[in-house]
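Undergrad: If it helps, the file is called run_14.pdb and holds PDB, C-alpha atoms, pLDDT in the B column:
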```
ATOM      1  CA  MET A   1    -192.572  84.209 -81.482  1.00 63.00           C
ATOM      2  CA  VAL A   2    -190.433  86.395 -83.775  1.00 68.00           C
ATOM      3  CA  HIS A   3    -187.181  87.168 -81.943  1.00 91.00           C
ATOM      4  CA  LEU A   4    -185.097  88.765 -84.729  1.00 95.00           C
ATOM      5  CA  THR A   5    -186.544  91.346 -87.063  1.00 96.00           C
ATOM      6  CA  VAL A   6    -184.498  93.023 -89.792  1.00 96.00           C
ATOM      7  CA  SER A   7    -186.433  95.882 -91.386  1.00 96.00           C
ATOM      8  CA  ASN A   8    -185.490  97.705 -94.605  1.00 96.00           C
ATOM      9  CA  VAL A   9    -181.730  97.454 -94.158  1.00 96.00           C
ATOM     10  CA  SER A  10    -179.660  99.088 -96.904  1.00 95.00           C
ATOM     11  CA  LYS A  11    -175.923  99.305 -97.494  1.00 95.00           C
ATOM     12  CA  SER A  12    -173.706 100.650-100.263  1.00 94.00           C
ATOM     13  CA  PHE A  13    -169.938 100.616-100.696  1.00 93.00           C
ATOM     14  CA  GLY A  14    -168.412 103.376-102.801  1.00 91.00           C
ATOM     15  CA  GLY A  15    -171.817 104.235-104.197  1.00 90.00           C
ATOM     16  CA  VAL A  16    -172.492 100.630-105.258  1.00 92.00           C
ATOM     17  CA  PRO A  17    -175.646  99.251-103.579  1.00 93.00           C
ATOM     18  CA  VAL A  18    -175.173  95.850-101.934  1.00 93.00           C
ATOM     19  CA  LEU A  19    -178.374  95.667 -99.864  1.00 93.00           C
ATOM     20  CA  VAL A  20    -181.547  97.606-100.661  1.00 91.00           C
ATOM     21  CA  ASP A  21    -184.434  97.587 -98.164  1.00 93.00           C
ATOM     22  CA  GLN A  22    -183.626  94.050 -97.030  1.00 93.00           C
ATOM     23  CA  SER A  23    -186.036  92.592 -94.441  1.00 95.00           C
ATOM     24  CA  LEU A  24    -186.320  89.212 -92.730  1.00 94.00           C
ATOM     25  CA  GLU A  25    -187.523  87.561 -89.539  1.00 94.00           C
ATOM     26  CA  VAL A  26    -186.210  84.628 -87.531  1.00 95.00           C
ATOM     27  CA  LYS A  27    -188.274  82.849 -84.895  1.00 94.00           C
ATOM     28  CA  GLN A  28    -186.982  81.425 -81.656  1.00 92.00           C
ATOM     29  CA  GLY A  29    -185.333  78.059 -82.267  1.00 93.00           C
ATOM     30  CA  GLU A  30    -185.280  78.465 -86.057  1.00 95.00           C
ATOM     31  CA  PHE A  31    -182.291  77.665 -88.281  1.00 96.00           C
ATOM     32  CA  VAL A  32    -182.378  79.928 -91.342  1.00 97.00           C
ATOM     33  CA  ALA A  33    -179.912  79.720 -94.228  1.00 97.00           C
ATOM     34  CA  LEU A  34    -179.088  82.712 -96.420  1.00 96.00           C
ATOM     35  CA  LEU A  35    -178.187  81.143 -99.748  1.00 95.00           C
ATOM     36  CA  GLY A  36    -176.884  83.004-102.757  1.00 91.00           C
ATOM     37  CA  PRO A  37    -173.947  83.669-105.076  1.00 88.00           C
ATOM     38  CA  SER A  38    -170.663  85.023-103.757  1.00 85.00           C
ATOM     39  CA  GLY A  39    -170.642  88.797-103.403  1.00 84.00           C
ATOM     40  CA  CYS A  40    -174.412  89.222-103.260  1.00 87.00           C
ATOM     41  CA  GLY A  41    -174.447  90.810 -99.784  1.00 89.00           C
ATOM     42  CA  LYS A  42    -175.180  87.857 -97.472  1.00 91.00           C
ATOM     43  CA  SER A  43    -172.074  88.327 -95.350  1.00 92.00           C
ATOM     44  CA  THR A  44    -172.564  92.089 -95.291  1.00 94.00           C
ATOM     45  CA  LEU A  45    -176.041  91.580 -93.863  1.00 95.00           C
ATOM     46  CA  LEU A  46    -174.684  89.247 -91.176  1.00 94.00           C
ATOM     47  CA  GLN A  47    -172.015  91.763 -90.157  1.00 94.00           C
ATOM     48  CA  ILE A  48    -174.612  94.535 -89.960  1.00 95.00           C
ATOM     49  CA  ILE A  49    -176.780  92.367 -87.698  1.00 95.00           C
ATOM     50  CA  ASN A  50    -173.726  91.731 -85.507  1.00 94.00           C
ATOM     51  CA  GLY A  51    -172.931  95.440 -85.354  1.00 93.00           C
ATOM     52  CA  LEU A  52    -169.542  95.047 -87.053  1.00 92.00           C
ATOM     53  CA  ILE A  53    -170.366  97.468 -89.878  1.00 94.00           C
ATOM     54  CA  PRO A  54    -173.021 100.202 -89.939  1.00 94.00           C
ATOM     55  CA  ALA A  55    -176.072 100.092 -92.177  1.00 95.00           C
ATOM     56  CA  ASP A  56    -176.993 103.094 -94.314  1.00 95.00           C
ATOM     57  CA  GLY A  57    -180.600 102.669 -93.238  1.00 95.00           C
ATOM     58  CA  GLY A  58    -183.024 100.282 -91.588  1.00 96.00           C
ATOM     59  CA  ARG A  59    -183.601  98.779 -88.166  1.00 96.00           C
ATOM     60  CA  ILE A  60    -182.671  95.551 -86.372  1.00 96.00           C
ATOM     61  CA  VAL A  61    -184.525  94.284 -83.307  1.00 95.00           C
ATOM     62  CA  LEU A  62    -183.410  91.249 -81.264  1.00 94.00           C
ATOM     63  CA  ASP A  63    -185.515  89.947 -78.382  1.00 91.00           C
ATOM     64  CA  GLY A  64    -187.470  93.208 -78.325  1.00 91.00           C
ATOM     65  CA  LYS A  65    -184.367  95.448 -78.174  1.00 92.00           C
ATOM     66  CA  ASP A  66    -183.169  97.759 -80.939  1.00 94.00           C
ATOM     67  CA  ILE A  67    -179.598  96.629 -81.662  1.00 94.00           C
ATOM     68  CA  THR A  68    -179.092  98.651 -84.856  1.00 94.00           C
ATOM     69  CA  GLY A  69    -175.426  99.574 -85.113  1.00 92.00           C
ATOM     70  CA  LYS A  70    -174.595  98.051 -81.737  1.00 91.00           C
ATOM     71  CA  THR A  71    -172.247  95.274 -80.724  1.00 85.00           C
ATOM     72  CA  GLY A  72    -172.729  93.367 -77.518  1.00 77.00           C
ATOM     73  CA  THR A  73    -174.270  90.328 -75.958  1.00 73.00           C
ATOM     74  CA  GLY A  74    -177.092  88.302 -77.423  1.00 87.00           C
ATOM     75  CA  ARG A  75    -175.162  87.401 -80.571  1.00 91.00           C
ATOM     76  CA  GLY A  76    -172.393  84.924 -81.270  1.00 91.00           C
ATOM     77  CA  MET A  77    -170.559  84.765 -84.592  1.00 91.00           C
ATOM     78  CA  VAL A  78    -168.572  82.081 -86.404  1.00 91.00           C
ATOM     79  CA  PHE A  79    -166.471  83.236 -89.359  1.00 86.00           C
ATOM     80  CA  GLN A  80    -165.235  81.347 -92.419  1.00 82.00           C
ATOM     81  CA  GLY A  81    -161.799  81.205 -90.844  1.00 77.00           C
ATOM     82  CA  ALA A  82    -161.745  80.130 -87.213  1.00 74.00           C
ATOM     83  CA  ASP A  83    -160.133  83.505 -86.335  1.00 85.00           C
ATOM     84  CA  LEU A  84    -158.560  82.166 -83.136  1.00 92.00           C
ATOM     85  CA  PHE A  85    -156.097  84.065 -80.988  1.00 94.00           C
ATOM     86  CA  PRO A  86    -152.737  82.338 -81.615  1.00 95.00           C
ATOM     87  CA  TRP A  87    -151.462  83.210 -78.123  1.00 96.00           C
ATOM     88  CA  ARG A  88    -154.419  81.493 -76.418  1.00 96.00           C
ATOM     89  CA  THR A  89    -154.922  77.762 -75.986  1.00 96.00           C
ATOM     90  CA  ALA A  90    -158.042  76.078 -77.358  1.00 96.00           C
ATOM     91  CA  LEU A  91    -159.680  76.298 -73.932  1.00 97.00           C
ATOM     92  CA  GLU A  92    -158.719  79.951 -73.492  1.00 96.00           C
ATOM     93  CA  ASN A  93    -160.063  80.797 -76.952  1.00 96.00           C
ATOM     94  CA  ILE A  94    -163.416  79.221 -76.108  1.00 96.00           C
ATOM     95  CA  ALA A  95    -163.555  81.113 -72.811  1.00 96.00           C
ATOM     96  CA  PHE A  96    -162.636  84.488 -74.347  1.00 94.00           C
ATOM     97  CA  GLY A  97    -166.179  85.775 -74.825  1.00 91.00           C
ATOM     98  CA  LEU A  98    -167.053  84.928 -71.240  1.00 93.00           C
ATOM     99  CA  GLN A  99    -163.959  86.811 -70.077  1.00 93.00           C
ATOM    100  CA  VAL A 100    -165.098  89.897 -71.980  1.00 90.00           C
ATOM    101  CA  MET A 101    -168.506  89.537 -70.308  1.00 90.00           C
ATOM    102  CA  GLY A 102    -166.839  89.523 -66.881  1.00 91.00           C
ATOM    103  CA  VAL A 103    -167.663  85.926 -65.972  1.00 93.00           C
ATOM    104  CA  PRO A 104    -165.418  84.718 -63.104  1.00 95.00           C
ATOM    105  CA  LYS A 105    -162.478  82.570 -64.208  1.00 94.00           C
ATOM    106  CA  ALA A 106    -163.569  79.343 -62.529  1.00 95.00           C
ATOM    107  CA  GLU A 107    -167.042  79.529 -64.106  1.00 95.00           C
ATOM    108  CA  ARG A 108    -165.853  80.466 -67.577  1.00 94.00           C
ATOM    109  CA  MET A 109    -163.290  77.665 -67.644  1.00 95.00           C
ATOM    110  CA  GLN A 110    -165.902  75.159 -66.503  1.00 95.00           C
ATOM    111  CA  ARG A 111    -168.271  76.258 -69.260  1.00 95.00           C
ATOM    112  CA  ALA A 112    -165.463  76.306 -71.834  1.00 96.00           C
ATOM    113  CA  ARG A 113    -164.518  72.722 -70.951  1.00 96.00           C
ATOM    114  CA  ALA A 114    -168.125  71.625 -71.373  1.00 94.00           C
ATOM    115  CA  TYR A 115    -168.336  73.110 -74.863  1.00 93.00           C
ATOM    116  CA  LEU A 116    -164.893  71.846 -75.838  1.00 94.00           C
ATOM    117  CA  LYS A 117    -166.127  68.365 -74.950  1.00 92.00           C
ATOM    118  CA  LEU A 118    -169.360  68.976 -76.857  1.00 89.00           C
ATOM    119  CA  VAL A 119    -167.444  69.656 -80.087  1.00 91.00           C
ATOM    120  CA  GLY A 120    -165.340  66.529 -79.616  1.00 90.00           C
ATOM    121  CA  LEU A 121    -162.036  68.129 -78.589  1.00 93.00           C
ATOM    122  CA  GLU A 122    -161.660  66.760 -75.070  1.00 93.00           C
ATOM    123  CA  GLY A 123    -157.937  66.297 -74.444  1.00 94.00           C
ATOM    124  CA  PHE A 124    -156.963  69.325 -76.554  1.00 96.00           C
ATOM    125  CA  GLU A 125    -157.568  71.927 -73.848  1.00 96.00           C
ATOM    126  CA  GLN A 126    -153.958  73.155 -73.857  1.00 96.00           C
ATOM    127  CA  ALA A 127    -153.332  72.891 -77.600  1.00 97.00           C
ATOM    128  CA  TRP A 128    -152.317  76.048 -79.435  1.00 96.00           C
ATOM    129  CA  PRO A 129    -154.208  76.960 -82.634  1.00 95.00           C
ATOM    130  CA  HIS A 130    -151.219  76.131 -84.858  1.00 95.00           C
ATOM    131  CA  GLN A 131    -151.265  72.601 -83.435  1.00 96.00           C
ATOM    132  CA  LEU A 132    -154.857  72.039 -84.591  1.00 94.00           C
ATOM    133  CA  SER A 133    -156.108  71.121 -88.056  1.00 92.00           C
ATOM    134  CA  GLY A 134    -158.428  73.474 -89.904  1.00 90.00           C
ATOM    135  CA  GLY A 135    -161.447  71.414 -88.914  1.00 91.00           C
ATOM    136  CA  MET A 136    -160.387  71.343 -85.276  1.00 93.00           C
ATOM    137  CA  GLN A 137    -159.852  75.102 -85.276  1.00 93.00           C
ATOM    138  CA  GLN A 138    -163.350  75.561 -86.645  1.00 91.00           C
ATOM    139  CA  ARG A 139    -164.722  73.357 -83.852  1.00 92.00           C
ATOM    140  CA  VAL A 140    -163.073  75.715 -81.364  1.00 94.00           C
ATOM    141  CA  GLY A 141    -164.687  78.675 -83.142  1.00 93.00           C
ATOM    142  CA  ILE A 142    -168.105  77.037 -82.942  1.00 92.00           C
ATOM    143  CA  ALA A 143    -167.606  76.186 -79.263  1.00 93.00           C
ATOM    144  CA  ARG A 144    -166.554  79.806 -78.551  1.00 93.00           C
ATOM    145  CA  ALA A 145    -169.738  81.121 -80.155  1.00 91.00           C
ATOM    146  CA  PHE A 146    -171.997  78.668 -78.312  1.00 91.00           C
ATOM    147  CA  CYS A 147    -170.179  79.158 -75.001  1.00 93.00           C
ATOM    148  CA  ILE A 148    -171.503  82.687 -74.450  1.00 91.00           C
ATOM    149  CA  GLU A 149    -174.999  81.212 -74.822  1.00 89.00           C
ATOM    150  CA  PRO A 150    -176.300  83.832 -77.283  1.00 91.00           C
ATOM    151  CA  SER A 151    -179.929  83.987 -78.304  1.00 91.00           C
ATOM    152  CA  LEU A 152    -178.791  84.405 -81.940  1.00 94.00           C
ATOM    153  CA  LEU A 153    -175.921  82.570 -83.633  1.00 94.00           C
ATOM    154  CA  LEU A 154    -174.526  84.124 -86.822  1.00 95.00           C
ATOM    155  CA  MET A 155    -172.479  81.799 -89.047  1.00 95.00           C
ATOM    156  CA  ASP A 156    -170.679  83.201 -92.079  1.00 94.00           C
ATOM    157  CA  GLU A 157    -169.762  80.282 -94.375  1.00 92.00           C
ATOM    158  CA  PRO A 158    -168.013  78.550 -91.443  1.00 90.00           C
ATOM    159  CA  PHE A 159    -167.132  75.440 -93.460  1.00 89.00           C
ATOM    160  CA  GLY A 160    -166.335  77.140 -96.771  1.00 83.00           C
ATOM    161  CA  ALA A 161    -162.541  76.809 -96.482  1.00 77.00           C
ATOM    162  CA  LEU A 162    -162.558  73.133 -95.464  1.00 85.00           C
ATOM    163  CA  ASP A 163    -162.171  70.016 -97.583  1.00 86.00           C
ATOM    164  CA  VAL A 164    -165.320  68.104 -98.510  1.00 87.00           C
ATOM    165  CA  GLN A 165    -164.861  65.289 -95.992  1.00 88.00           C
ATOM    166  CA  THR A 166    -164.200  67.639 -93.074  1.00 88.00           C
ATOM    167  CA  ARG A 167    -167.105  69.862 -94.097  1.00 88.00           C
ATOM    168  CA  ASP A 168    -169.521  66.928 -94.116  1.00 89.00           C
ATOM    169  CA  VAL A 169    -168.345  65.832 -90.660  1.00 88.00           C
ATOM    170  CA  LEU A 170    -168.724  69.340 -89.217  1.00 89.00           C
ATOM    171  CA  GLN A 171    -172.173  69.741 -90.750  1.00 90.00           C
ATOM    172  CA  ASP A 172    -173.225  66.610 -88.866  1.00 89.00           C
ATOM    173  CA  GLU A 173    -171.586  67.948 -85.704  1.00 88.00           C
ATOM    174  CA  LEU A 174    -173.301  71.322 -86.023  1.00 90.00           C
ATOM    175  CA  VAL A 175    -176.706  69.666 -86.396  1.00 90.00           C
ATOM    176  CA  ARG A 176    -176.031  67.539 -83.298  1.00 88.00           C
ATOM    177  CA  ILE A 177    -174.888  70.497 -81.196  1.00 87.00           C
ATOM    178  CA  TRP A 178    -177.652  72.808 -82.392  1.00 90.00           C
ATOM    179  CA  GLU A 179    -180.404  70.275 -81.706  1.00 87.00           C
ATOM    180  CA  ALA A 180    -179.377  70.233 -78.036  1.00 84.00           C
ATOM    181  CA  ASP A 181    -180.740  73.738 -77.401  1.00 82.00           C
ATOM    182  CA  ARG A 182    -182.183  75.041 -80.704  1.00 89.00           C
ATOM    183  CA  LYS A 183    -180.751  78.558 -80.752  1.00 89.00           C
ATOM    184  CA  MET A 184    -181.774  80.965 -83.500  1.00 94.00           C
ATOM    185  CA  VAL A 185    -179.263  80.614 -86.333  1.00 95.00           C
ATOM    186  CA  LEU A 186    -178.587  82.691 -89.433  1.00 96.00           C
ATOM    187  CA  PHE A 187    -176.233  80.658 -91.618  1.00 96.00           C
ATOM    188  CA  VAL A 188    -174.645  82.177 -94.722  1.00 95.00           C
ATOM    189  CA  THR A 189    -173.672  79.769 -97.494  1.00 94.00           C
ATOM    190  CA  HIS A 190    -173.444  79.457-101.254  1.00 90.00           C
ATOM    191  CA  GLY A 191    -173.793  75.672-100.993  1.00 93.00           C
ATOM    192  CA  ILE A 192    -177.269  74.464-101.936  1.00 95.00           C
ATOM    193  CA  GLU A 193    -176.794  70.994-100.444  1.00 95.00           C
ATOM    194  CA  GLU A 194    -175.446  72.499 -97.216  1.00 95.00           C
ATOM    195  CA  ALA A 195    -178.456  74.823 -96.865  1.00 96.00           C
ATOM    196  CA  LEU A 196    -180.942  71.994 -97.464  1.00 96.00           C
ATOM    197  CA  PHE A 197    -179.185  69.696 -94.999  1.00 95.00           C
ATOM    198  CA  LEU A 198    -178.894  72.220 -92.156  1.00 96.00           C
ATOM    199  CA  ALA A 199    -181.777  74.668 -92.309  1.00 96.00           C
ATOM    200  CA  ASP A 200    -185.450  74.815 -91.396  1.00 96.00           C
ATOM    201  CA  ARG A 201    -185.942  77.623 -93.897  1.00 97.00           C
ATOM    202  CA  ILE A 202    -183.869  78.961 -96.789  1.00 97.00           C
ATOM    203  CA  LEU A 203    -183.878  82.497 -98.154  1.00 96.00           C
ATOM    204  CA  VAL A 204    -182.503  82.347-101.699  1.00 95.00           C
ATOM    205  CA  PHE A 205    -180.770  85.636-102.504  1.00 93.00           C
ATOM    206  CA  SER A 206    -180.307  87.145-105.930  1.00 91.00           C
ATOM    207  CA  LYS A 207    -177.099  88.612-107.317  1.00 89.00           C
ATOM    208  CA  ARG A 208    -176.103  92.059-106.015  1.00 88.00           C
ATOM    209  CA  PRO A 209    -177.964  94.083-104.872  1.00 87.00           C
ATOM    210  CA  ALA A 210    -179.522  91.231-102.930  1.00 84.00           C
ATOM    211  CA  ARG A 211    -183.227  90.534-102.921  1.00 86.00           C
ATOM    212  CA  VAL A 212    -185.003  87.345-101.879  1.00 90.00           C
ATOM    213  CA  LEU A 213    -185.837  85.308-104.962  1.00 91.00           C
ATOM    214  CA  ARG A 214    -187.620  82.566-103.052  1.00 93.00           C
ATOM    215  CA  GLU A 215    -188.288  81.450 -99.495  1.00 96.00           C
ATOM    216  CA  ILE A 216    -188.216  77.697 -98.979  1.00 96.00           C
ATOM    217  CA  ALA A 217    -189.539  75.811 -95.966  1.00 96.00           C
ATOM    218  CA  VAL A 218    -187.255  72.769 -95.855  1.00 96.00           C
ATOM    219  CA  PRO A 219    -189.550  69.718 -95.688  1.00 94.00           C
ATOM    220  CA  PHE A 220    -187.159  67.194 -94.137  1.00 93.00           C
ATOM    221  CA  ALA A 221    -187.713  65.911 -90.600  1.00 91.00           C
ATOM    222  CA  ARG A 222    -185.158  66.157 -87.831  1.00 89.00           C
ATOM    223  CA  PRO A 223    -182.817  64.702 -86.834  1.00 87.00           C
ATOM    224  CA  ARG A 224    -181.203  65.009 -90.250  1.00 88.00           C
ATOM    225  CA  ARG A 225    -179.417  62.018 -91.739  1.00 88.00           C
ATOM    226  CA  GLU A 226    -176.544  61.999 -94.232  1.00 88.00           C
ATOM    227  CA  ASP A 227    -178.393  59.581 -96.535  1.00 90.00           C
ATOM    228  CA  MET A 228    -181.242  62.105 -96.989  1.00 92.00           C
ATOM    229  CA  LYS A 229    -178.987  63.840 -99.536  1.00 92.00           C
ATOM    230  CA  LEU A 230    -179.724  60.951-101.893  1.00 93.00           C
ATOM    231  CA  GLU A 231    -183.515  61.062-101.538  1.00 94.00           C
ATOM    232  CA  PRO A 232    -185.526  62.121-104.631  1.00 95.00           C
ATOM    233  CA  GLU A 233    -187.160  65.078-102.857  1.00 95.00           C
ATOM    234  CA  PHE A 234    -183.773  66.401-101.744  1.00 96.00           C
ATOM    235  CA  LEU A 235    -182.309  66.070-105.246  1.00 96.00           C
ATOM    236  CA  THR A 236    -185.360  67.740-106.816  1.00 96.00           C
ATOM    237  CA  LEU A 237    -185.149  70.730-104.474  1.00 96.00           C
ATOM    238  CA  ARG A 238    -181.430  71.034-105.062  1.00 96.00           C
ATOM    239  CA  ARG A 239    -181.975  71.098-108.818  1.00 96.00           C
ATOM    240  CA  GLU A 240    -184.791  73.683-108.571  1.00 95.00           C
ATOM    241  CA  ILE A 241    -182.681  76.032-106.460  1.00 96.00           C
ATOM    242  CA  SER A 242    -179.694  75.611-108.760  1.00 95.00           C
ATOM    243  CA  GLU A 243    -181.811  76.506-111.783  1.00 94.00           C
ATOM    244  CA  LEU A 244    -183.273  79.511-109.952  1.00 93.00           C
ATOM    245  CA  LEU A 245    -179.824  80.881-109.114  1.00 93.00           C
ATOM    246  CA  ARG A 246    -178.450  80.178-112.584  1.00 91.00           C
ATOM    247  CA  HIS A 247    -181.359  81.985-114.210  1.00 88.00           C
ATOM    248  CA  ASP A 248    -180.894  85.015-111.941  1.00 87.00           C
ATOM    249  CA  ILE A 249    -177.147  85.217-112.630  1.00 85.00           C
ATOM    250  CA  ASN A 250    -177.688  85.013-116.384  1.00 83.00           C
ATOM    251  CA  THR A 251    -180.393  87.714-116.579  1.00 79.00           C
TER     252      THR A 251
END
```
Translate this file's structure into structure tokens.
TA:
Amino acid sequence: MVHLTVSNVSKSFGGVPVLVDQSLEVKQGEFVALLGPSGCGKSTLLQIINGLIPADGGRIVLDGKDITGKTGTGRGMVFQGADLFPWRTALENIAFGLQVMGVPKAERMQRARAYLKLVGLEGFEQAWPHQLSGGMQQRVGIARAFCIEPSLLLMDEPFGALDVQTRDVLQDELVRIWEADRKMVLFVTHGIEEALFLADRILVFSKRPARVLREIAVPFARPRREDMKLEPEFLTLRREISELLRHDINT
């Protein structure tokens, strides 16, 4: 059932190690959060998995294929900034990945409209990115990643630049969209509450160079509810993780 395997991946920048023999596995349909302090290597690992930067060593296998150092299909990525093309409408931005894949125009526009509706932006098909709020732009970015129907979705702090209210709304939206087809997700965050609310499993990373301090199977049933953030078990786990990270940073 394991569909993503990362084995002994290492990366240094300017002689400074960021990742040292990092390994992890993600099963089909699993939502895994990579939680840790800023600068610990979480985003670097995500970009290596997506083939955007090369690893110094190690191997990455997705759906039985070695994808080490390769870009291509099978992966969709959502960045902290929506990273939309300003000369494309919302609909055209969502359809861009399908265009690169060679999907005929009629089909890609039909699929793009379906995902635009799924993220709650029906009626904004012809809006330009500058006409959309930050939260709306991020919805377009999420729809673009889902639209290519990847087996693995990589999300690099996608809500980190948003205000608290918008972030909470988009967390709820992401859970709703994800539960429709349960893709594999690797979600980078430094927000403890966000990781507990979204993920099935959390890998708590140490300060640089990153190592896994603790692996947590999130015990809360799905579908997730906003009021679960006030439950004693949720608050206890949040406090334990906070203390774990604080201790690591201070040692």
Undergrad: Give me, please, the distance in Å between CA of Arg238 (chain A) and CA of Met184 (chain A), quoted to one decimal.
TA: 23.7 Å
Undergrad: Under the rule that all atoms listed in the file are counted, which of A:Leu152, A:Cys147, A:Val119, A:Ala217 is the nearest residue to Val169 (chain A)?
TA: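 Distance minimum relative to Val169 (chain A) lands on A:Val119.
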Undergrad: Please list as an mmCIF file with C-alpha atoms, in the coordinates of the input every residue within 10 Å of region 158-163 of chain A, counting only C-alpha atoms and excluding residues in the same chain fewer than 4 positions away.
TA:
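Generated output (selection_4.cif):
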```
data_model
loop_
_atom_site.group_PDB
_atom_site.id
_atom_site.type_symbol
_atom_site.label_atom_id
_atom_site.label_comp_id
_atom_site.auth_asym_id
_atom_site.auth_seq_id
_atom_site.Cartn_x
_atom_site.Cartn_y
_atom_site.Cartn_z
ATOM 1 C CA MET A 77 -170.559 84.765 -84.592
ATOM 2 C CA VAL A 78 -168.572 82.081 -86.404
ATOM 3 C CA PHE A 79 -166.471 83.236 -89.359
ATOM 4 C CA GLN A 80 -165.235 81.347 -92.419
ATOM 5 C CA GLY A 81 -161.799 81.205 -90.844
ATOM 6 C CA ALA A 82 -161.745 80.130 -87.213
ATOM 7 C CA GLY A 134 -158.428 73.474 -89.904
ATOM 8 C CA GLY A 135 -161.447 71.414 -88.914
ATOM 9 C CA GLN A 138 -163.350 75.561 -86.645
ATOM 10 C CA ARG A 139 -164.722 73.357 -83.852
ATOM 11 C CA GLY A 141 -164.687 78.675 -83.142
ATOM 12 C CA ILE A 142 -168.105 77.037 -82.942
ATOM 13 C CA LEU A 154 -174.526 84.124 -86.822
ATOM 14 C CA ARG A 167 -167.105 69.862 -94.097
ATOM 15 C CA ASP A 168 -169.521 66.928 -94.116
ATOM 16 C CA LEU A 170 -168.724 69.340 -89.217
ATOM 17 C CA GLN A 171 -172.173 69.741 -90.750
ATOM 18 C CA PHE A 187 -176.233 80.658 -91.618
ATOM 19 C CA VAL A 188 -174.645 82.177 -94.722
ATOM 20 C CA THR A 189 -173.672 79.769 -97.494
ATOM 21 C CA HIS A 190 -173.444 79.457 -101.254
ATOM 22 C CA GLY A 191 -173.793 75.672 -100.993
ATOM 23 C CA GLU A 194 -175.446 72.499 -97.216
#
```
Undergrad: Extract, using all atoms listed in the file, all DNA, RNA and protein residues at most 9 Å from Glu215 (chain A), discarding same-chain residues fewer than 6 positions from it, and format them as a ChimeraX atom specification.
TA: /A:201-204
Undergrad: Can you write out the residues you just picked, keeping C-alpha atoms, as a CSV table (one decimal), in the coordinates of the input?
TA:
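And here's out22.csv as it stands now:
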```csv
chain,number,residue,atom,x,y,z
A,201,ARG,CA,-185.9,77.6,-93.9
A,202,ILE,CA,-183.9,79.0,-96.8
A,203,LEU,CA,-183.9,82.5,-98.2
A,204,VAL,CA,-182.5,82.3,-101.7
```
Undergrad: Do you have the CA of Trp178 (chain A)-CA of Phe220 (chain A) distance handy?
TA: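 Between CA of Trp178 (chain A) and CA of Phe220 (chain A) the gap works out to 16.1 Å.
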Undergrad: Looking at all atoms listed in the file, which of A:Thr73, A:Thr166, A:Thr68, A:Gln110 is the one that sits closest to Gly97 (chain A)?
TA: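 Of the candidates, the smallest distance to Gly97 (chain A) is held by A:Thr73.
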Undergrad: Record the distance separating CA of Leu198 (chain A) and CA of Asp156 (chain A), expressed in Å with one decimal.
TA: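 So the two atoms, CA of Leu198 (chain A) and CA of Asp156 (chain A), lie 13.7 Å apart.
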Undergrad: Could you tell me which of A:Tyr115, A:Phe31, A:Phe124, A:Phe13 comes closest to Ile148 (chain A) if we count all atoms listed in the file?
TA: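 Closest to Ile148 (chain A), using all atoms listed in the file: A:Tyr115.
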Undergrad: Please provide as number ranges by chain all residues within 12 Å of Leu235 (chain A), with the sequence filter that same-chain residues fewer than 6 positions apart are discarded (counting all atoms listed in the file).
TA: A: 192-193, 196-197, 227-229, 241-242
Undergrad: Name every residue that the PyMOL selection byres ((chain A and resi 89-92) around 7) selects in this structure, writing the answer as a ChimeraX atom specification with chains first and numbers rising.
TA: /A:87-88,93-96,112-113,124-129,140
Undergrad: Quick one: of A:Leu62, A:Leu4, A:Val103, A:Leu213, who's nearest to Leu35 (chain A), counting only C-alpha atoms?
TA: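 Looking at the shortest contact to Leu35 (chain A), the residue is A:Leu213.
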Undergrad: My list of candidates is A:Asn250, A:Gln22, A:Thr44, A:Ser38. Which is closest to Ser7 (chain A) when distances are computed with only C-alpha atoms?
TA: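 Smallest distance to Ser7 (chain A) is found for A:Gln22.
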Undergrad: Restricting the calculation to only C-alpha atoms, which member of A:Val212, A:Leu19, A:Ile249, A:Leu153 is positioned closest to Pro37 (chain A)?
TA: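 Going through A:Val212, A:Leu19, A:Ile249, A:Leu153 one by one, the smallest distance to Pro37 (chain A) is for A:Ile249.
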Undergrad: Can you pull out the residues contacting Leu118 (chain A)? Cut-off 8 Å, using only C-alpha atoms, and skip same-chain residues under 3 positions away; I want them as a PyMOL selection string.
TA: chain A and resi 114-115+121+143+177
Undergrad: Starting from the shown file, work through the PyMOL selection byres ((chain A and resi 63) around 9) and note down what comes out as a ChimeraX atom specification.
TA: /A:2-5,61-62,64-66,74,151
Undergrad: Please evaluate the PyMOL selection byres ((chain A and resi 209) around 6) against the structure above and give the resulting residues as an MDAnalysis selection string.
TA: chainID A and resid 17:19 208 210
Undergrad: Report as lines of an AutoDock Vina configuration file the centre and the edge lengths, in Å to one decimal, of the axis-aligned box holding every listed atom of region 65-71 of chain A, padded by 4 Å on each side.
TA:
```
center_x = -178.3
center_y = 97.4
center_z = -81.6
size_x = 20.1
size_y = 12.3
size_z = 14.9
```
Undergrad: Please provide the set of residues having any atom within 6 Å of region 45-54 of chain A, restricted to all atoms listed in the file, with same-chain residues fewer than 3 positions apart removed, written as a ChimeraX atom specification.
TA: /A:42,69-71
Undergrad: Would you export the selected residues with C-alpha atoms as an mmCIF file, keeping the file's coordinate frame, please?
TA:
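Result written to again_25.cif:
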```
data_model
loop_
_atom_site.group_PDB
_atom_site.id
_atom_site.type_symbol
_atom_site.label_atom_id
_atom_site.label_comp_id
_atom_site.auth_asym_id
_atom_site.auth_seq_id
_atom_site.Cartn_x
_atom_site.Cartn_y
_atom_site.Cartn_z
ATOM 1 C CA LYS A 42 -175.180 87.857 -97.472
ATOM 2 C CA GLY A 69 -175.426 99.574 -85.113
ATOM 3 C CA LYS A 70 -174.595 98.051 -81.737
ATOM 4 C CA THR A 71 -172.247 95.274 -80.724
#
```
